[in-house]
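The file target_4.pdb comes next; it holds PDB, C-alpha atoms.
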ATOM      1  CA  MET A  42       7.498  63.897  16.781
ATOM      2  CA  ILE A  43       7.027  61.802  13.654
ATOM      3  CA  TYR A  44       4.673  62.186  10.713
ATOM      4  CA  LEU A  45       2.496  59.252   9.626
ATOM      5  CA  ASN A  46      -0.218  59.498   6.992
ATOM      6  CA  GLY A  47      -1.251  63.076   7.626
ATOM      7  CA  LYS A  48      -0.732  63.235  11.402
ATOM      8  CA  PHE A  49       2.065  64.261  13.761
ATOM      9  CA  MET A  50       2.500  62.076  16.840
ATOM     10  CA  PRO A  51       5.104  60.617  19.218
ATOM     11  CA  ILE A  52       6.802  57.649  17.599
ATOM     12  CA  GLU A  53       5.508  55.396  20.418
ATOM     13  CA  GLU A  54       1.964  56.028  19.176
ATOM     14  CA  ALA A  55       2.693  55.216  15.519
ATOM     15  CA  PHE A  56       1.421  51.921  14.095
ATOM     16  CA  VAL A  57       1.240  50.484  10.586
ATOM     17  CA  PRO A  58      -1.167  47.665   9.596
ATOM     18  CA  VAL A  59       0.454  44.261   9.117
ATOM     19  CA  LEU A  60      -0.856  44.142   5.541
ATOM     20  CA  ASP A  61       1.146  47.212   4.571
ATOM     21  CA  ARG A  62       3.117  46.223   1.471
ATOM     22  CA  GLY A  63       6.254  47.650   3.030
ATOM     23  CA  PHE A  64       5.941  45.058   5.777
ATOM     24  CA  ILE A  65       4.808  42.192   3.525
ATOM     25  CA  PHE A  66       6.973  42.772   0.425
ATOM     26  CA  GLY A  67       9.451  45.544   1.244
ATOM     27  CA  ASP A  68       7.503  47.396  -1.458
ATOM     28  CA  GLY A  69       8.574  50.983  -0.993
ATOM     29  CA  ILE A  70      11.354  53.534  -1.105
ATOM     30  CA  TYR A  71      13.091  55.864   1.332
ATOM     31  CA  GLU A  72      15.242  58.982   1.415
ATOM     32  CA  VAL A  73      17.644  60.439   3.999
ATOM     33  CA  ILE A  74      18.100  64.219   4.163
ATOM     34  CA  PRO A  75      20.647  65.913   6.438
ATOM     35  CA  VAL A  76      19.563  69.137   8.123
ATOM     36  CA  TYR A  77      22.102  71.770   9.210
ATOM     37  CA  SER A  78      20.998  74.710  11.364
ATOM     38  CA  ARG A  79      17.405  73.576  10.646
ATOM     39  CA  LYS A  80      17.998  73.920   6.895
ATOM     40  CA  PRO A  81      17.520  70.785   4.720
ATOM     41  CA  PHE A  82      20.683  70.219   2.721
ATOM     42  CA  ARG A  83      20.268  70.165  -1.064
ATOM     43  CA  LEU A  84      16.587  69.457  -0.777
ATOM     44  CA  ALA A  85      15.996  69.848  -4.518
ATOM     45  CA  GLU A  86      18.541  67.095  -5.242
ATOM     46  CA  HIS A  87      17.106  64.832  -2.548
ATOM     47  CA  LEU A  88      13.578  65.303  -3.918
ATOM     48  CA  MET A  89      14.877  64.550  -7.406
ATOM     49  CA  ARG A  90      16.419  61.320  -6.114
ATOM     50  CA  LEU A  91      13.161  60.549  -4.306
ATOM     51  CA  GLN A  92      11.285  60.950  -7.596
ATOM     52  CA  HIS A  93      13.815  58.698  -9.342
ATOM     53  CA  SER A  94      13.229  55.984  -6.735
ATOM     54  CA  LEU A  95       9.440  56.337  -6.995
ATOM     55  CA  ASP A  96       9.658  56.096 -10.777
ATOM     56  CA  GLY A  97      11.862  53.026 -10.369
ATOM     57  CA  ILE A  98       9.103  51.141  -8.520
ATOM     58  CA  ARG A  99       6.226  52.738 -10.493
ATOM     59  CA  LEU A 100       4.713  54.518  -7.506
ATOM     60  CA  LYS A 101       3.115  57.946  -7.943
ATOM     61  CA  ASN A 102       4.638  60.760  -5.916
ATOM     62  CA  PRO A 103       2.012  61.685  -3.286
ATOM     63  CA  PHE A 104       3.131  65.331  -3.042
ATOM     64  CA  SER A 105       4.508  68.158  -5.137
ATOM     65  CA  ASN A 106       7.983  69.465  -4.336
ATOM     66  CA  GLU A 107       6.481  72.481  -2.599
ATOM     67  CA  GLU A 108       4.243  70.243  -0.485
ATOM     68  CA  TRP A 109       7.272  68.159   0.475
ATOM     69  CA  ARG A 110       9.169  71.314   1.442
ATOM     70  CA  ASN A 111       6.341  72.491   3.682
ATOM     71  CA  LEU A 112       5.893  69.080   5.295
ATOM     72  CA  LEU A 113       9.596  68.586   5.965
ATOM     73  CA  GLU A 114       9.789  72.072   7.447
ATOM     74  CA  GLN A 115       7.060  71.079   9.905
ATOM     75  CA  VAL A 116       8.941  67.897  10.828
ATOM     76  CA  ILE A 117      12.099  69.895  11.495
ATOM     77  CA  ILE A 118      10.213  72.465  13.599
ATOM     78  CA  ASN A 119       8.533  69.719  15.626
ATOM     79  CA  ASN A 120      11.841  68.148  16.635
ATOM     80  CA  ASP A 121      14.713  69.390  18.778
ATOM     81  CA  GLY A 122      18.189  70.080  17.509
ATOM     82  CA  GLU A 123      19.751  72.445  15.017
ATOM     83  CA  ASP A 124      21.290  69.491  13.139
ATOM     84  CA  GLN A 125      19.024  66.584  12.293
ATOM     85  CA  TYR A 126      18.638  63.933   9.660
ATOM     86  CA  ILE A 127      15.246  63.240   8.158
ATOM     87  CA  TYR A 128      14.238  59.692   7.263
ATOM     88  CA  LEU A 129      11.397  59.640   4.724
ATOM     89  CA  HIS A 130       9.652  56.335   3.915
ATOM     90  CA  ILE A 131       6.910  55.662   1.340
ATOM     91  CA  THR A 132       5.269  52.287   0.694
ATOM     92  CA  ARG A 133       2.612  51.199  -1.777
ATOM     93  CA  GLY A 134       0.103  51.097   1.061
ATOM     94  CA  VAL A 135      -2.184  48.545   2.699
ATOM     95  CA  ALA A 136      -3.827  45.824   0.594
ATOM     96  CA  LYS A 137      -4.613  42.120   0.502
ATOM     97  CA  ARG A 138      -1.424  40.123   0.002
ATOM     98  CA  ASP A 139      -0.895  39.763  -3.737
ATOM     99  CA  HIS A 140       2.265  40.384  -5.715
ATOM    100  CA  ALA A 141       0.435  42.521  -8.282
ATOM    101  CA  PHE A 142       0.035  46.252  -7.595
ATOM    102  CA  PRO A 143      -3.257  47.021  -5.819
ATOM    103  CA  ALA A 144      -5.550  49.550  -7.466
ATOM    104  CA  ASN A 145      -6.558  52.845  -5.828
ATOM    105  CA  VAL A 146      -4.660  52.272  -2.576
ATOM    106  CA  PRO A 147      -3.195  55.339  -0.821
ATOM    107  CA  PRO A 148       0.528  55.076  -0.019
ATOM    108  CA  THR A 149       1.858  54.914   3.506
ATOM    109  CA  ILE A 150       4.005  57.974   4.259
ATOM    110  CA  PHE A 151       6.261  57.992   7.313
ATOM    111  CA  ILE A 152       8.793  60.678   8.266
ATOM    112  CA  MET A 153      10.991  60.860  11.354
ATOM    113  CA  SER A 154      13.879  63.010  12.546
ATOM    114  CA  ASN A 155      16.986  61.912  14.435
ATOM    115  CA  PRO A 156      19.971  63.891  15.722
ATOM    116  CA  LEU A 157      22.703  64.346  13.124
ATOM    117  CA  LEU A 158      25.903  63.454  14.964
ATOM    118  CA  GLN A 159      29.385  64.347  13.777
ATOM    119  CA  PRO A 160      31.916  61.551  13.143
ATOM    120  CA  SER A 161      34.091  61.054  16.198
ATOM    121  CA  GLU A 162      37.417  62.879  16.410
ATOM    122  CA  GLU A 163      39.104  59.540  17.066
ATOM    123  CA  LEU A 164      37.928  58.080  13.755
ATOM    124  CA  LEU A 165      38.842  61.232  11.861
ATOM    125  CA  LYS A 166      42.305  61.203  13.426
ATOM    126  CA  SER A 167      43.122  57.495  13.095
ATOM    127  CA  GLY A 168      40.797  56.356  10.321
ATOM    128  CA  ALA A 169      38.386  53.451  10.177
ATOM    129  CA  SER A 170      38.644  49.855   9.021
ATOM    130  CA  ALA A 171      36.681  48.164   6.261
ATOM    131  CA  VAL A 172      36.311  44.753   4.675
ATOM    132  CA  THR A 173      35.551  43.804   1.087
ATOM    133  CA  ALA A 174      32.821  41.506  -0.192
ATOM    134  CA  ASN A 175      31.187  40.429  -3.410
ATOM    135  CA  ASP A 176      28.325  42.763  -4.331
ATOM    136  CA  ASN A 177      25.442  40.296  -4.548
ATOM    137  CA  ARG A 178      22.579  42.815  -4.435
ATOM    138  CA  TRP A 179      19.968  43.331  -7.145
ATOM    139  CA  ILE A 180      20.874  45.395 -10.208
ATOM    140  CA  ARG A 181      18.753  48.472  -9.379
ATOM    141  CA  CYS A 182      20.924  49.847  -6.600
ATOM    142  CA  ASP A 183      20.186  53.354  -7.913
ATOM    143  CA  VAL A 184      16.661  52.933  -6.462
ATOM    144  CA  LYS A 185      16.630  53.706  -2.743
ATOM    145  CA  ALA A 186      14.401  50.737  -1.917
ATOM    146  CA  ILE A 187      13.396  49.846   1.646
ATOM    147  CA  SER A 188      14.100  46.147   0.941
ATOM    148  CA  LEU A 189      17.666  46.396   2.252
ATOM    149  CA  LEU A 190      18.293  42.828   3.441
ATOM    150  CA  PRO A 191      21.319  42.332   1.103
ATOM    151  CA  ASN A 192      22.849  45.580   2.421
ATOM    152  CA  VAL A 193      22.109  44.503   5.998
ATOM    153  CA  LEU A 194      23.882  41.172   5.511
ATOM    154  CA  LEU A 195      26.848  42.817   3.804
ATOM    155  CA  ARG A 196      27.157  45.486   6.490
ATOM    156  CA  GLN A 197      27.068  42.791   9.181
ATOM    157  CA  LEU A 198      30.252  41.312   7.690
ATOM    158  CA  ALA A 199      31.979  44.513   8.799
ATOM    159  CA  VAL A 200      30.277  44.584  12.186
ATOM    160  CA  ASP A 201      31.365  40.991  12.833
ATOM    161  CA  VAL A 202      35.018  42.074  12.748
ATOM    162  CA  GLN A 203      34.528  45.510  14.378
ATOM    163  CA  ALA A 204      34.963  47.324  11.054
ATOM    164  CA  LEU A 205      33.025  50.400   9.953
ATOM    165  CA  GLU A 206      31.988  49.427   6.446
ATOM    166  CA  THR A 207      31.912  46.716   3.778
ATOM    167  CA  ILE A 208      33.291  47.810   0.407
ATOM    168  CA  LEU A 209      31.510  46.067  -2.445
ATOM    169  CA  ILE A 210      33.045  44.617  -5.589
ATOM    170  CA  ARG A 211      31.050  43.378  -8.576
ATOM    171  CA  ASN A 212      32.692  41.554 -11.482
ATOM    172  CA  GLY A 213      36.092  42.816 -10.364
ATOM    173  CA  PHE A 214      35.159  46.490 -10.025
ATOM    174  CA  LEU A 215      34.270  48.808  -7.135
ATOM    175  CA  THR A 216      30.595  49.748  -6.816
ATOM    176  CA  GLU A 217      30.113  51.367  -3.370
ATOM    177  CA  GLY A 218      29.883  50.573   0.330
ATOM    178  CA  SER A 219      26.981  48.759   1.951
ATOM    179  CA  ALA A 220      25.716  52.165   3.165
ATOM    180  CA  SER A 221      28.088  54.675   1.569
ATOM    181  CA  ASN A 222      29.930  55.798  -1.542
ATOM    182  CA  ILE A 223      33.630  55.018  -1.870
ATOM    183  CA  PHE A 224      36.503  56.989  -3.436
ATOM    184  CA  ILE A 225      40.145  55.998  -3.734
ATOM    185  CA  VAL A 226      43.326  57.992  -4.230
ATOM    186  CA  LYS A 227      46.146  56.641  -6.386
ATOM    187  CA  ASP A 228      49.157  58.481  -7.768
ATOM    188  CA  LYS A 229      47.780  61.801  -6.440
ATOM    189  CA  ILE A 230      44.459  61.474  -8.298
ATOM    190  CA  LEU A 231      41.063  61.174  -6.616
ATOM    191  CA  LEU A 232      39.158  58.350  -8.347
ATOM    192  CA  ALA A 233      35.380  57.876  -8.219
ATOM    193  CA  PRO A 234      33.319  55.070  -9.764
ATOM    194  CA  PRO A 235      30.809  56.346 -12.336
ATOM    195  CA  LYS A 236      27.134  56.548 -11.452
ATOM    196  CA  SER A 237      25.146  53.618 -12.766
ATOM    197  CA  ASN A 238      22.292  51.321 -11.812
ATOM    198  CA  LEU A 239      24.806  49.440  -9.621
ATOM    199  CA  MET A 240      25.283  52.241  -7.082
ATOM    200  CA  LEU A 241      23.252  54.831  -5.250
ATOM    201  CA  PRO A 242      23.769  58.350  -6.653
ATOM    202  CA  GLY A 243      25.041  59.937  -3.447
ATOM    203  CA  ILE A 244      24.465  63.626  -2.748
ATOM    204  CA  THR A 245      27.691  63.791  -0.689
ATOM    205  CA  TYR A 246      29.453  62.013  -3.579
ATOM    206  CA  ASP A 247      28.411  64.969  -5.762
ATOM    207  CA  VAL A 248      29.631  67.513  -3.199
ATOM    208  CA  VAL A 249      33.065  65.880  -2.961
ATOM    209  CA  LEU A 250      33.499  65.963  -6.740
ATOM    210  CA  GLU A 251      32.355  69.598  -6.834
ATOM    211  CA  LEU A 252      34.854  70.481  -4.099
ATOM    212  CA  ALA A 253      37.612  68.719  -6.036
ATOM    213  CA  ALA A 254      36.727  70.601  -9.245
ATOM    214  CA  ALA A 255      36.413  73.983  -7.510
ATOM    215  CA  ASN A 256      39.777  73.584  -5.747
ATOM    216  CA  GLN A 257      41.884  72.143  -8.579
ATOM    217  CA  ILE A 258      42.186  68.727  -6.941
ATOM    218  CA  PRO A 259      43.043  66.166  -9.641
ATOM    219  CA  HIS A 260      40.174  63.703 -10.023
ATOM    220  CA  GLU A 261      38.702  61.210 -12.460
ATOM    221  CA  ILE A 262      35.380  59.408 -12.713
ATOM    222  CA  ARG A 263      35.959  55.936 -14.099
ATOM    223  CA  GLU A 264      35.642  52.273 -13.298
ATOM    224  CA  ILE A 265      37.973  51.239 -10.472
ATOM    225  CA  HIS A 266      39.404  47.715 -10.532
ATOM    226  CA  GLU A 267      39.588  45.657  -7.359
ATOM    227  CA  ILE A 268      43.386  45.620  -7.579
ATOM    228  CA  GLU A 269      43.415  49.429  -7.497
ATOM    229  CA  ILE A 270      41.414  49.402  -4.266
ATOM    230  CA  ARG A 271      43.924  47.091  -2.643
ATOM    231  CA  ILE A 272      46.945  49.201  -3.639
ATOM    232  CA  ALA A 273      45.278  52.585  -3.105
ATOM    233  CA  ASP A 274      47.182  55.335  -1.331
ATOM    234  CA  GLU A 275      43.934  56.451   0.338
ATOM    235  CA  ILE A 276      40.337  55.247   0.568
ATOM    236  CA  LEU A 277      37.559  57.696   1.423
ATOM    237  CA  LEU A 278      34.010  56.910   2.502
ATOM    238  CA  THR A 279      31.197  59.422   2.023
ATOM    239  CA  SER A 280      27.558  59.515   3.109
ATOM    240  CA  SER A 281      24.944  62.013   4.273
ATOM    241  CA  THR A 282      25.402  61.072   7.932
ATOM    242  CA  LYS A 283      29.162  60.302   7.988
ATOM    243  CA  GLU A 284      30.239  63.108   5.637
ATOM    244  CA  ILE A 285      33.836  62.169   4.654
ATOM    245  CA  MET A 286      35.712  59.444   6.507
ATOM    246  CA  PRO A 287      39.186  57.950   5.939
ATOM    247  CA  ILE A 288      39.537  54.185   5.622
ATOM    248  CA  THR A 289      43.007  53.268   6.835
ATOM    249  CA  LEU A 290      42.681  49.475   7.204
ATOM    250  CA  LEU A 291      41.215  47.214   4.524
ATOM    251  CA  ASP A 292      40.831  43.489   5.106
ATOM    252  CA  ASN A 293      43.312  43.799   8.005
ATOM    253  CA  LYS A 294      45.945  45.437   5.789
ATOM    254  CA  PRO A 295      46.962  49.112   6.014
ATOM    255  CA  VAL A 296      45.786  51.484   3.296
ATOM    256  CA  GLY A 297      48.822  53.464   2.165
ATOM    257  CA  ASP A 298      50.848  54.246   5.283
ATOM    258  CA  GLY A 299      47.894  53.311   7.501
ATOM    259  CA  LYS A 300      47.054  56.913   8.383
ATOM    260  CA  PRO A 301      44.531  59.446   7.020
ATOM    261  CA  GLY A 302      46.174  60.991   3.980
ATOM    262  CA  GLU A 303      46.631  64.344   2.317
ATOM    263  CA  PHE A 304      43.529  64.091   0.122
ATOM    264  CA  PHE A 305      41.322  63.245   3.085
ATOM    265  CA  ARG A 306      42.674  66.102   5.179
ATOM    266  CA  ARG A 307      42.191  68.617   2.387
ATOM    267  CA  LEU A 308      38.727  67.435   1.355
ATOM    268  CA  HIS A 309      37.575  67.171   4.966
ATOM    269  CA  ALA A 310      38.692  70.749   5.641
ATOM    270  CA  LEU A 311      36.991  71.962   2.456
ATOM    271  CA  TYR A 312      33.826  70.100   3.429
ATOM    272  CA  GLN A 313      33.755  71.730   6.867
ATOM    273  CA  GLU A 314      34.245  75.147   5.273
ATOM    274  CA  TYR A 315      31.471  74.349   2.810
ATOM    275  CA  LYS A 316      29.163  73.372   5.676
ATOM    276  CA  ALA A 317      29.749  76.699   7.369
ATOM    277  CA  THR A 318      29.209  78.827   4.265
ATOM    278  CA  HIS A 319      26.651  76.834   2.275
ATOM    279  CA  MET A 320      24.869  74.300   4.477
ATOM    280  CA  ARG A 321      24.545  76.652   7.463
ATOM    281  CA  GLY A 322      24.767  79.903   5.529
ATOM    282  CA  HIS A 323      22.434  81.562   3.073
ATOM    283  CA  THR A 324      24.344  81.041  -0.159
ATOM    284  CA  THR A 325      23.313  78.497  -2.772
ATOM    285  CA  ASP A 326      23.857  74.838  -1.883
ATOM    286  CA  ARG A 327      25.687  74.156  -5.136
ATOM    287  CA  LEU A 328      29.338  75.006  -5.692
ATOM    288  CA  THR A 329      30.560  76.616  -8.855
ATOM    289  CA  SER A 330      33.965  75.770 -10.241
TER     290      SER A 330
END

Exercise: express the given structure as structure tokens:
Amino acid sequence: MIYLNGKFMPIEEAFVPVLDRGFIFGDGIYEVIPVYSRKPFRLAEHLMRLQHSLDGIRLKNPFSNEEWRNLLEQVIINNDGEDQYIYLHITRGVAKRDHAFPANVPPTIFIMSNPLLQPSEELLKSGASAVTANDNRWIRCDVKAISLLPNVLLRQLAVDVQALETILIRNGFLTEGSASNIFIVKDKILLAPPKSNLMLPGITYDVVLELAAANQIPHEIREIHEIEIRIADEILLTSSTKEIMPITLLDNKPVGDGKPGEFFRRLHALYQEYKATHMRGHTTDRLTS
């Protein structure tokens, strides 16, 4: 069951007018929230990121945080599966086609749930491949906008060669993946690019850095040059739906020894432990160092 503008219904019965600004202009934002054991993961942080995206496109938040919590709880209850991921989509609503913001138009609010599937054991054991490309997206990548055509085209570069992800480079430095955050390991230090308007502030990105801090894993947050990516000992991909994945082949060349490395194995194990105790348990979502 999906939610659309105040009603729950089967997705086959959901329709949006063709003059919706999401359809006409891509004028809207979205959020993705993983759910473990029917518990939304780090909902406060996801709602904060949602507010940041709404502020970025000057669209008023239609609900309070408590209203969002109650609504998302209903979505989770109305769908099968202990583990789900929630896709939440807000547009500026339906109006005559005009670039300028329409006045007094209610937003379109769409929410759906899908099964949250674990990464395959094969990929975790052998690692995935990736390609690199120039990051030619707009400069507000910190806004989770629904107008994702640049990301779609960049991701397709990976799909074309049976790779998992496209790693993006802007002006010689790592930004992120087309649908993920990227870490590298060099000289036994976990390196993460700093948050900026050129990358999405990933919730899983935060968790990985918290795990590193809480477990005395050497790490730095700094700009990462393209050369460092190409000579990295390990490359790690993180996202809400893929968790932590090892990249073992980059542009048809092995990363390190071409196998998932020590940092991946340790962080993946810590992440699984964290899922069991925090995401599925009753303790606070946030780690303390």

Draw an axis-aligned box over all listed atoms of segment 126-134 of chain A, pad each side with 6 Å, and write its centre and edge lengths in Å, one decimal, as AutoDock Vina command-line options.
--center_x 9.4 --center_y 57.5 --center_z 3.9 --size_x 30.5 --size_y 24.8 --size_z 23.4

- the PyMOL selection byres ((chain A and resi 60) around 10) on the file shown: which residues, as JSON, numbers by chain? {"A": [57, 58, 59, 61, 62, 63, 64, 65, 66, 134, 135, 136, 137, 138]}

- Query: Restricting the calculation to all atoms listed in the file, which member of A:Thr216, A:Thr318, A:Gln92, A:Gln203 is positioned closest to Arg178 of chain A?
  - Reply: A:Thr216

- Message: Given the PyMOL selection byres ((chain A and resi 271) around 12) and the file above, list the residues it selects as a VMD selection string.
- Response: chain A and resid 171 to 173 208 210 213 to 215 225 to 227 265 to 270 272 to 276 288 to 297

I need the chosen residues saved as a tab-separated table (two decimals), keeping the file's coordinate frame, with C-alpha atoms.
chain	number	residue	atom	x	y	z
A	171	ALA	CA	36.68	48.16	6.26
A	172	VAL	CA	36.31	44.75	4.68
A	173	THR	CA	35.55	43.80	1.09
A	208	ILE	CA	33.29	47.81	0.41
A	210	ILE	CA	33.04	44.62	-5.59
A	213	GLY	CA	36.09	42.82	-10.36
A	214	PHE	CA	35.16	46.49	-10.02
A	215	LEU	CA	34.27	48.81	-7.14
A	225	ILE	CA	40.15	56.00	-3.73
A	226	VAL	CA	43.33	57.99	-4.23
A	227	LYS	CA	46.15	56.64	-6.39
A	265	ILE	CA	37.97	51.24	-10.47
A	266	HIS	CA	39.40	47.72	-10.53
A	267	GLU	CA	39.59	45.66	-7.36
A	268	ILE	CA	43.39	45.62	-7.58
A	269	GLU	CA	43.42	49.43	-7.50
A	270	ILE	CA	41.41	49.40	-4.27
A	272	ILE	CA	46.94	49.20	-3.64
A	273	ALA	CA	45.28	52.58	-3.10
A	274	ASP	CA	47.18	55.34	-1.33
A	275	GLU	CA	43.93	56.45	0.34
A	276	ILE	CA	40.34	55.25	0.57
A	288	ILE	CA	39.54	54.18	5.62
A	289	THR	CA	43.01	53.27	6.84
A	290	LEU	CA	42.68	49.48	7.20
A	291	LEU	CA	41.22	47.21	4.52
A	292	ASP	CA	40.83	43.49	5.11
A	293	ASN	CA	43.31	43.80	8.01
A	294	LYS	CA	45.94	45.44	5.79
A	295	PRO	CA	46.96	49.11	6.01
A	296	VAL	CA	45.79	51.48	3.30
A	297	GLY	CA	48.82	53.46	2.16

- Task: State, in Å with one decimal place, the distance from atom CA of Ala233 of chain A to atom CA of Leu209 of chain A.
- Result: 13.7 Å

- Selected residue of minimal separation from Leu198 of chain A among A:Asn175, A:Gln257, A:Ser281, A:Asn212, counting all atoms listed in the file: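 When distances to Leu198 of chain A are compared using all atoms listed in the file, the smallest one comes from A:Asn175.
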
- Just so the selection is clear, what residues does the PyMOL selection byres ((chain A and resi 220) around 12) cover here, as a PyMOL selection string? chain A and resi 73+182+185+189-197+199+205-209+216-219+221-223+240-243+278-283

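Among A:Asn120, A:Ser154, A:Asn177, A:Gln115, the residue with the shortest atom-to-atom distance to Leu239 of chain A, counting all atoms listed in the file, is A:Asn177.
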
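Shortest separation to Ile244 of chain A among A:Lys48, A:His140, A:Arg90, A:Arg79 occurs at residue A:Arg90, atoms counted being all atoms listed in the file.
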
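Going from atom CA of Thr132 of chain A to atom CA of Gly67 of chain A covers 8.0 Å.
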
- Out of A:Leu250, A:Leu232, A:Leu165, A:Ile262, which residue has the shortest atom-to-atom distance to His309 of chain A when counting all atoms listed in the file?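 Between A:Leu250, A:Leu232, A:Leu165, A:Ile262, the residue approaching His309 of chain A most closely is A:Leu165.
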
- Task: Counting only C-alpha atoms, figure out which residue out of A:Tyr44, A:Phe104, A:Tyr312, A:Trp179 gets nearest to Tyr246 of chain A.
- Result: A:Tyr312

- Compile the contact shell of Pro287 of chain A as a list in words: residues with an atom at most 6 Å away, counting all atoms listed in the file, same-chain residues fewer than 2 positions apart removed.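 Final neighbour list, sorted by chain and number: Gly168, Leu277 and Pro301 of chain A.
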
- Task: Identify, on the basis of all atoms listed in the file, every residue whose closest approach to Ile230 of chain A does not exceed 8 Å; exclude the query and any residue fewer than 4 positions from it along the same chain; express the result as a VMD selection string.
- Result: chain A and resid 226 258 to 261

Would you kindly return, as a PDB file with C-alpha atoms, keeping the file's coordinate frame, each protein, DNA or RNA residue with an atom no farther than 12 Å from any atom of Leu95 of chain A, considering all atoms listed in the file and excluding same-chain residues fewer than 3 positions away?
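Result file selection-v6.pdb:
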ATOM      1  CA  ASP A  68       7.503  47.396  -1.458  1.00  0.00           C
ATOM      2  CA  GLY A  69       8.574  50.983  -0.993  1.00  0.00           C
ATOM      3  CA  ILE A  70      11.354  53.534  -1.105  1.00  0.00           C
ATOM      4  CA  TYR A  71      13.091  55.864   1.332  1.00  0.00           C
ATOM      5  CA  GLU A  72      15.242  58.982   1.415  1.00  0.00           C
ATOM      6  CA  LEU A  88      13.578  65.303  -3.918  1.00  0.00           C
ATOM      7  CA  MET A  89      14.877  64.550  -7.406  1.00  0.00           C
ATOM      8  CA  ARG A  90      16.419  61.320  -6.114  1.00  0.00           C
ATOM      9  CA  LEU A  91      13.161  60.549  -4.306  1.00  0.00           C
ATOM     10  CA  GLN A  92      11.285  60.950  -7.596  1.00  0.00           C
ATOM     11  CA  ILE A  98       9.103  51.141  -8.520  1.00  0.00           C
ATOM     12  CA  ARG A  99       6.226  52.738 -10.493  1.00  0.00           C
ATOM     13  CA  LEU A 100       4.713  54.518  -7.506  1.00  0.00           C
ATOM     14  CA  LYS A 101       3.115  57.946  -7.943  1.00  0.00           C
ATOM     15  CA  ASN A 102       4.638  60.760  -5.916  1.00  0.00           C
ATOM     16  CA  PRO A 103       2.012  61.685  -3.286  1.00  0.00           C
ATOM     17  CA  PHE A 104       3.131  65.331  -3.042  1.00  0.00           C
ATOM     18  CA  HIS A 130       9.652  56.335   3.915  1.00  0.00           C
ATOM     19  CA  ILE A 131       6.910  55.662   1.340  1.00  0.00           C
ATOM     20  CA  THR A 132       5.269  52.287   0.694  1.00  0.00           C
ATOM     21  CA  ARG A 133       2.612  51.199  -1.777  1.00  0.00           C
ATOM     22  CA  PRO A 148       0.528  55.076  -0.019  1.00  0.00           C
ATOM     23  CA  ASP A 183      20.186  53.354  -7.913  1.00  0.00           C
ATOM     24  CA  VAL A 184      16.661  52.933  -6.462  1.00  0.00           C
ATOM     25  CA  LYS A 185      16.630  53.706  -2.743  1.00  0.00           C
ATOM     26  CA  ALA A 186      14.401  50.737  -1.917  1.00  0.00           C
ATOM     27  CA  ILE A 187      13.396  49.846   1.646  1.00  0.00           C
TER      28      ILE A 187
END

- Item | Atom pair atom CA of Met153 of chain A / atom CA of Tyr315 of chain A: separation (Å) |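 Atom CA of Met153 of chain A sits 26.0 Å away from atom CA of Tyr315 of chain A.
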
- Task: For Glu53 of chain A, work out the shell of residues within 10 Å, counting all atoms listed in the file and skipping chain neighbours fewer than 2 positions away, then give it as a PyMOL selection string.
- Result: chain A and resi 42-43+50-51+55-56

Would you mind writing segment 91-99 of chain A with N, CA, C and O atoms, as a PDB file, in the coordinates of the input?
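File written: selection.pdb
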ATOM      1  N   LEU A  91      14.404  61.176  -4.760  1.00  0.00           N
ATOM      2  CA  LEU A  91      13.161  60.549  -4.306  1.00  0.00           C
ATOM      3  C   LEU A  91      12.263  60.227  -5.496  1.00  0.00           C
ATOM      4  O   LEU A  91      11.707  59.121  -5.601  1.00  0.00           O
ATOM      5  N   GLN A  92      12.123  61.181  -6.415  1.00  0.00           N
ATOM      6  CA  GLN A  92      11.285  60.950  -7.596  1.00  0.00           C
ATOM      7  C   GLN A  92      11.850  59.823  -8.453  1.00  0.00           C
ATOM      8  O   GLN A  92      11.097  58.994  -8.978  1.00  0.00           O
ATOM      9  N   HIS A  93      13.178  59.774  -8.574  1.00  0.00           N
ATOM     10  CA  HIS A  93      13.815  58.698  -9.342  1.00  0.00           C
ATOM     11  C   HIS A  93      13.496  57.331  -8.732  1.00  0.00           C
ATOM     12  O   HIS A  93      13.202  56.370  -9.458  1.00  0.00           O
ATOM     13  N   SER A  94      13.539  57.249  -7.402  1.00  0.00           N
ATOM     14  CA  SER A  94      13.229  55.984  -6.735  1.00  0.00           C
ATOM     15  C   SER A  94      11.763  55.616  -6.921  1.00  0.00           C
ATOM     16  O   SER A  94      11.428  54.449  -7.183  1.00  0.00           O
ATOM     17  N   LEU A  95      10.870  56.605  -6.784  1.00  0.00           N
ATOM     18  CA  LEU A  95       9.440  56.337  -6.995  1.00  0.00           C
ATOM     19  C   LEU A  95       9.177  55.866  -8.421  1.00  0.00           C
ATOM     20  O   LEU A  95       8.415  54.916  -8.656  1.00  0.00           O
ATOM     21  N   ASP A  96       9.808  56.523  -9.381  1.00  0.00           N
ATOM     22  CA  ASP A  96       9.658  56.096 -10.777  1.00  0.00           C
ATOM     23  C   ASP A  96      10.168  54.674 -10.956  1.00  0.00           C
ATOM     24  O   ASP A  96       9.606  53.883 -11.725  1.00  0.00           O
ATOM     25  N   GLY A  97      11.261  54.353 -10.239  1.00  0.00           N
ATOM     26  CA  GLY A  97      11.862  53.026 -10.369  1.00  0.00           C
ATOM     27  C   GLY A  97      10.953  51.904  -9.912  1.00  0.00           C
ATOM     28  O   GLY A  97      11.072  50.772 -10.403  1.00  0.00           O
ATOM     29  N   ILE A  98      10.034  52.183  -8.969  1.00  0.00           N
ATOM     30  CA  ILE A  98       9.103  51.141  -8.520  1.00  0.00           C
ATOM     31  C   ILE A  98       7.672  51.430  -8.991  1.00  0.00           C
ATOM     32  O   ILE A  98       6.730  50.795  -8.540  1.00  0.00           O
ATOM     33  N   ARG A  99       7.532  52.410  -9.887  1.00  0.00           N
ATOM     34  CA  ARG A  99       6.226  52.738 -10.493  1.00  0.00           C
ATOM     35  C   ARG A  99       5.185  53.124  -9.438  1.00  0.00           C
ATOM     36  O   ARG A  99       4.066  52.646  -9.441  1.00  0.00           O
TER      37      ARG A  99
END
